[in-house]
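Student: Dropping a structure here in structure tokens format, bear with me for questions.
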Amino acid sequence: MKIVYYSSLVVFLFLFACDDSFNPFGEFEKKHSVYCVLNLDSTNHIVTITEDIFSDDLNIDNVKTDSFVKNADVKIFYEDSIYTFHDSTTTIVRDGEKRNISFFYLKNVKFSRGNEINLSIKLENGRKLRSKIYPSRNIFGSFNTSKVIHDPNEEVFKFSWDYNSEEIIGFLPSLIIKYFAKVSGKYVEKEIEIPTEIYYEDKKLKEIFPRISSRSIINYQNSAIKKTLERISEIEENNSGIVIKNITGRVMVMNEELTRYNSSLKTFLDNFTIKLNPADYSNIHGGQGIFGFIFVLEMQINFWRDYIDYIEETLGYTYNAGFKLPD
């Protein structure tokens, strides 16, 4: 079950995890790898660069701390401006072990669709790495999903959208139930993601969530929507203090190379992880890795009469699409 506490901003910089297919017997070759995904909905951006001697995969767990490149000149050329990234470090914890990670950051800059974005990296040894992306303004058309969900007894709810790009564009859809729950006498806004399917296997509950694909439609089993609504009462202590607001439909959109990269992994990774198989996805000239973009679009889906009756009479919650937290 995926639960998000809405009191803090959710940053859509994806959390992906690499496989462990590193082959120690391969032919070693020193490589420079870049990972930079610009979140077009954010003003903060990160670049990681590593110097590797791996022949195939680069997994964060296999990377020594001193493999992360420092003191590089990292710039983005955008419209008539040049933006310079700054060095920094952070600490991550893997399997109970703390590790220092070096990266480059850029703050308070927002990139928009409809303009070419160029990444330029000059290493201390003079080597140059380059890449560019063009997030088209018309890459996404519109949602063509119903703005209301009618009958709790229907088999599926179709979530779909249009897009206008000739490229291979990746989509990561999600349906999120927004609700309020009383915590220590005060209402707190929360979110919970709906799986596309819920079933039992060997008496254990299994949930299937959307994966990145180029398809612009996904079917949600209505039984999964109902079960997710039911499970809110298992999470919250006070059923009478639960107020259901609506469902938010979200689609994360990403460029072709990032789509190929994520599709090969089939799972999410963090900002400091790079998987090396450049023939599949790399768009870094002079090295390998990913320069990509993402942005997220949303629509609101309200519950209709029969569903409201189910929420209030069967589950014992309150439904109020206009509910707001007091100032």
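If you're wondering about the labels, chains in the structure tokens are A, B, ... by order shown, residues count from 1 in each chain, ligands from 1 in order shown.
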Env of region 235-252 of chain A: 6 Å cut, atoms = only C-alpha atoms, seq-sep filter 6 positions within chain, self excluded. Answer as a PDB file with N, CA and C atoms, in the first residue's frame.
Tutor:
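Saved file selection-v8.pdb follows:
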```pdb
ATOM      1  N   PHE A 171       5.022   7.109 -19.884  1.00  0.00           N
ATOM      2  CA  PHE A 171       4.015   7.595 -18.947  1.00  0.00           C
ATOM      3  C   PHE A 171       4.010   6.711 -17.704  1.00  0.00           C
ATOM      4  N   LEU A 172       3.914   7.346 -16.550  1.00  0.00           N
ATOM      5  CA  LEU A 172       3.700   6.620 -15.303  1.00  0.00           C
ATOM      6  C   LEU A 172       2.431   7.173 -14.661  1.00  0.00           C
ATOM      7  N   PRO A 173       1.295   6.484 -14.846  1.00  0.00           N
ATOM      8  CA  PRO A 173       0.030   6.980 -14.315  1.00  0.00           C
ATOM      9  C   PRO A 173      -0.185   6.558 -12.860  1.00  0.00           C
ATOM     10  N   SER A 174      -1.051   7.262 -12.194  1.00  0.00           N
ATOM     11  CA  SER A 174      -1.455   6.877 -10.843  1.00  0.00           C
ATOM     12  C   SER A 174      -2.808   7.495 -10.524  1.00  0.00           C
ATOM     13  N   LEU A 175      -3.586   6.789  -9.736  1.00  0.00           N
ATOM     14  CA  LEU A 175      -4.827   7.308  -9.174  1.00  0.00           C
ATOM     15  C   LEU A 175      -4.645   7.402  -7.669  1.00  0.00           C
ATOM     16  N   ILE A 176      -4.895   8.590  -7.123  1.00  0.00           N
ATOM     17  CA  ILE A 176      -4.635   8.871  -5.712  1.00  0.00           C
ATOM     18  C   ILE A 176      -5.938   9.273  -5.030  1.00  0.00           C
ATOM     19  N   ILE A 177      -6.308   8.580  -3.963  1.00  0.00           N
ATOM     20  CA  ILE A 177      -7.452   9.008  -3.150  1.00  0.00           C
ATOM     21  C   ILE A 177      -6.963  10.063  -2.167  1.00  0.00           C
ATOM     22  N   LYS A 178      -7.599  11.223  -2.209  1.00  0.00           N
ATOM     23  CA  LYS A 178      -7.289  12.271  -1.238  1.00  0.00           C
ATOM     24  C   LYS A 178      -8.344  12.227  -0.130  1.00  0.00           C
ATOM     25  N   TYR A 179      -7.866  12.241   1.105  1.00  0.00           N
ATOM     26  CA  TYR A 179      -8.805  12.191   2.222  1.00  0.00           C
ATOM     27  C   TYR A 179      -8.233  12.941   3.412  1.00  0.00           C
ATOM     28  N   PHE A 180      -9.075  13.184   4.406  1.00  0.00           N
ATOM     29  CA  PHE A 180      -8.675  13.832   5.642  1.00  0.00           C
ATOM     30  C   PHE A 180      -8.931  12.870   6.795  1.00  0.00           C
ATOM     31  N   ALA A 181      -8.040  12.880   7.774  1.00  0.00           N
ATOM     32  CA  ALA A 181      -8.198  12.038   8.954  1.00  0.00           C
ATOM     33  C   ALA A 181      -7.847  12.858  10.189  1.00  0.00           C
ATOM     34  N   LYS A 182      -8.564  12.581  11.280  1.00  0.00           N
ATOM     35  CA  LYS A 182      -8.279  13.285  12.527  1.00  0.00           C
ATOM     36  C   LYS A 182      -7.084  12.662  13.224  1.00  0.00           C
ATOM     37  N   PHE A 295       7.683  15.691 -16.219  1.00  0.00           N
ATOM     38  CA  PHE A 295       6.714  16.624 -15.659  1.00  0.00           C
ATOM     39  C   PHE A 295       5.450  15.839 -15.349  1.00  0.00           C
ATOM     40  N   VAL A 296       4.616  16.390 -14.501  1.00  0.00           N
ATOM     41  CA  VAL A 296       3.431  15.679 -14.031  1.00  0.00           C
ATOM     42  C   VAL A 296       2.192  16.523 -14.311  1.00  0.00           C
ATOM     43  N   LEU A 297       1.169  15.879 -14.849  1.00  0.00           N
ATOM     44  CA  LEU A 297      -0.121  16.526 -15.076  1.00  0.00           C
ATOM     45  C   LEU A 297      -1.185  15.827 -14.230  1.00  0.00           C
ATOM     46  N   GLU A 298      -2.171  16.611 -13.799  1.00  0.00           N
ATOM     47  CA  GLU A 298      -3.192  16.068 -12.907  1.00  0.00           C
ATOM     48  C   GLU A 298      -4.593  16.427 -13.376  1.00  0.00           C
ATOM     49  N   MET A 299      -5.556  15.599 -12.994  1.00  0.00           N
ATOM     50  CA  MET A 299      -6.971  15.904 -13.153  1.00  0.00           C
ATOM     51  C   MET A 299      -7.707  15.425 -11.910  1.00  0.00           C
ATOM     52  N   GLN A 300      -8.834  16.053 -11.636  1.00  0.00           N
ATOM     53  CA  GLN A 300      -9.643  15.672 -10.476  1.00  0.00           C
ATOM     54  C   GLN A 300     -10.804  14.800 -10.923  1.00  0.00           C
ATOM     55  N   ILE A 301     -11.023  13.712 -10.183  1.00  0.00           N
ATOM     56  CA  ILE A 301     -12.120  12.787 -10.452  1.00  0.00           C
ATOM     57  C   ILE A 301     -12.996  12.710  -9.208  1.00  0.00           C
ATOM     58  N   ASN A 302     -14.252  13.055  -9.333  1.00  0.00           N
ATOM     59  CA  ASN A 302     -15.171  13.050  -8.201  1.00  0.00           C
ATOM     60  C   ASN A 302     -15.994  11.763  -8.166  1.00  0.00           C
ATOM     61  N   TYR A 317     -17.666   6.442   6.307  1.00  0.00           N
ATOM     62  CA  TYR A 317     -16.897   7.675   6.197  1.00  0.00           C
ATOM     63  C   TYR A 317     -17.833   8.839   5.878  1.00  0.00           C
ATOM     64  N   THR A 318     -17.234  10.037   5.838  1.00  0.00           N
ATOM     65  CA  THR A 318     -17.937  11.221   5.343  1.00  0.00           C
ATOM     66  C   THR A 318     -17.383  11.569   3.963  1.00  0.00           C
ATOM     67  N   TYR A 319     -18.252  11.947   3.048  1.00  0.00           N
ATOM     68  CA  TYR A 319     -17.779  12.411   1.731  1.00  0.00           C
ATOM     69  C   TYR A 319     -18.027  13.900   1.632  1.00  0.00           C
ATOM     70  N   ASN A 320     -16.977  14.649   1.286  1.00  0.00           N
ATOM     71  CA  ASN A 320     -17.104  16.093   1.126  1.00  0.00           C
ATOM     72  C   ASN A 320     -16.031  16.564   0.168  1.00  0.00           C
ATOM     73  N   ALA A 321     -16.412  16.716  -1.117  1.00  0.00           N
ATOM     74  CA  ALA A 321     -15.441  17.108  -2.158  1.00  0.00           C
ATOM     75  C   ALA A 321     -14.898  18.503  -1.936  1.00  0.00           C
TER      76      ALA A 321
END
```
Student: Could you tell me how far CA of Phe157 (chain A) lies from CA of Gln221 (chain A), in Å and to one decimal?
Tutor: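 Interatomic distance here is 6.4 Å.
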Student: Tell me, which residues of region 182-304 of chain A carry DSSP strand (DSSP E or B), written as JSON, numbers by chain?
Tutor: {"A": [182, 183, 186, 187, 188, 189, 190, 191, 192, 193, 194, 197, 198, 199, 200, 201, 204, 205, 206, 207, 208, 213, 217, 218, 219, 220, 221, 243, 244, 245, 246, 247, 248, 249, 250, 251, 252, 253, 254, 269, 285, 288, 289, 290, 291, 292, 293, 294, 295, 296, 297, 298, 299, 300, 301, 302, 303]}
Student: Residues of region 91-226 of chain A classed as alpha helix (DSSP H) by DSSP on the backbone are to be reported as an MDAnalysis selection string.
Tutor: chainID A and resid 222:226
Student: Extract, using only C-alpha atoms, all DNA, RNA and protein residues at most 8 Å from region 95-104 of chain A, discarding same-chain residues fewer than 6 positions from it, and format them as a ChimeraX atom specification.
Tutor: /A:46-49,65,68-70,74,85-89,272
Student: Keeping only C-alpha atoms, write the selected residues as an mmCIF file, in the first residue's frame.
Tutor:
```
data_model
loop_
_atom_site.group_PDB
_atom_site.id
_atom_site.type_symbol
_atom_site.label_atom_id
_atom_site.label_comp_id
_atom_site.auth_asym_id
_atom_site.auth_seq_id
_atom_site.Cartn_x
_atom_site.Cartn_y
_atom_site.Cartn_z
ATOM 1 C CA ILE A 46 20.745 17.383 -9.507
ATOM 2 C CA VAL A 47 23.531 15.927 -11.669
ATOM 3 C CA THR A 48 25.675 12.957 -10.647
ATOM 4 C CA ILE A 49 28.856 11.946 -12.491
ATOM 5 C CA THR A 65 32.736 6.772 -2.632
ATOM 6 C CA PHE A 68 31.914 10.057 -7.769
ATOM 7 C CA VAL A 69 33.414 12.902 -9.754
ATOM 8 C CA LYS A 70 34.009 16.244 -8.031
ATOM 9 C CA VAL A 74 28.621 21.582 -15.003
ATOM 10 C CA PHE A 85 25.771 23.770 -10.940
ATOM 11 C CA HIS A 86 27.504 23.670 -7.534
ATOM 12 C CA ASP A 87 29.341 20.805 -5.802
ATOM 13 C CA SER A 88 27.785 19.143 -2.783
ATOM 14 C CA THR A 89 27.669 15.867 -0.866
ATOM 15 C CA PHE A 272 22.420 8.565 -7.478
#
```
Student: So which residues touch Glu230 (chain A) within 9 Å, counting only C-alpha atoms, skipping near sequence neighbours fewer than 5 positions away, as a list in words?
Tutor: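 The filter keeps Ile225, Ile311 and Leu315 of chain A.
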Student: Considering only C-alpha atoms, give me a table of residues in region 80-196 of chain A that are at most 8 Å from region 278-293 of chain A, with the closest atom pair and distance in Å for each, as CSV.
Tutor:
```
residue,atom,partner,partner_atom,distance
A:Leu119,CA,A:Phe291,CA,7.9
A:Arg127,CA,A:Gly286,CA,7.9
A:Lys128,CA,A:Gly286,CA,6.4
A:Leu129,CA,A:Gly286,CA,4.9
A:Arg130,CA,A:His285,CA,5.1
A:Ser131,CA,A:Ile284,CA,5.1
A:Lys132,CA,A:Phe291,CA,7.3
A:Ile133,CA,A:Gly292,CA,6.8
A:Pro135,CA,A:Phe293,CA,7.3
```
Student: Output C-alpha atoms of each residue in that selection to a file, as a compact mmCIF listing (two decimals), in the first residue's frame.
Tutor:
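Just written: selection_20.txt:
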```
# COMPACT_ATOMS: atom_id res chain seq x y z
CA LEU A 119 23.88 20.16 -20.70
CA ARG A 127 37.25 15.78 -21.06
CA LYS A 128 33.86 17.10 -22.18
CA LEU A 129 30.45 15.47 -21.89
CA ARG A 130 27.43 16.92 -23.68
CA SER A 131 23.74 16.29 -24.21
CA LYS A 132 20.55 18.11 -25.10
CA ILE A 133 16.82 17.57 -24.75
CA PRO A 135 10.59 18.98 -24.09
```
Student: Considering only C-alpha atoms, return as a list in words whatever protein or nucleic-acid residues lie within 8 Å of Tyr163 (chain A), sequence-local ones (same chain, fewer than 6 positions apart) excluded.
Tutor: Asn138, Ile139, Phe140, Gly141, Ser142 and Ser216 of chain A
Student: Rounded to one decimal place, report the CA of Phe159 (chain A)-CA of Asn219 (chain A) distance in Å.
Tutor: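 Between these atoms lies a distance of 6.2 Å.
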Student: One decimal, Å: what's the distance from CA of Val109 (chain A) over to CA of Thr43 (chain A), could you say?
Tutor: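 Value for the CA of Val109 (chain A)-CA of Thr43 (chain A) distance: 4.7 Å.
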Student: Within 12 Å of Glu154 (chain A), counting only C-alpha atoms, which residues qualify if same-chain residues fewer than 3 places away don't, as a PyMOL selection string?
Tutor: chain A and resi 149-151+157-158+219-226+306-307
Student: Could you check which of A:Ser233, A:Ser146, A:Ser81, A:Thr90 is closest to Glu116 (chain A), using only C-alpha atoms?
Tutor: A:Ser81
Student: Would you please work out which residue, of A:Lys75, A:Val253, A:Tyr199, A:Ile232, is nearest to Asp162 (chain A) when using only C-alpha atoms?
Tutor: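 Between A:Lys75, A:Val253, A:Tyr199, A:Ile232, the residue approaching Asp162 (chain A) most closely is A:Val253.
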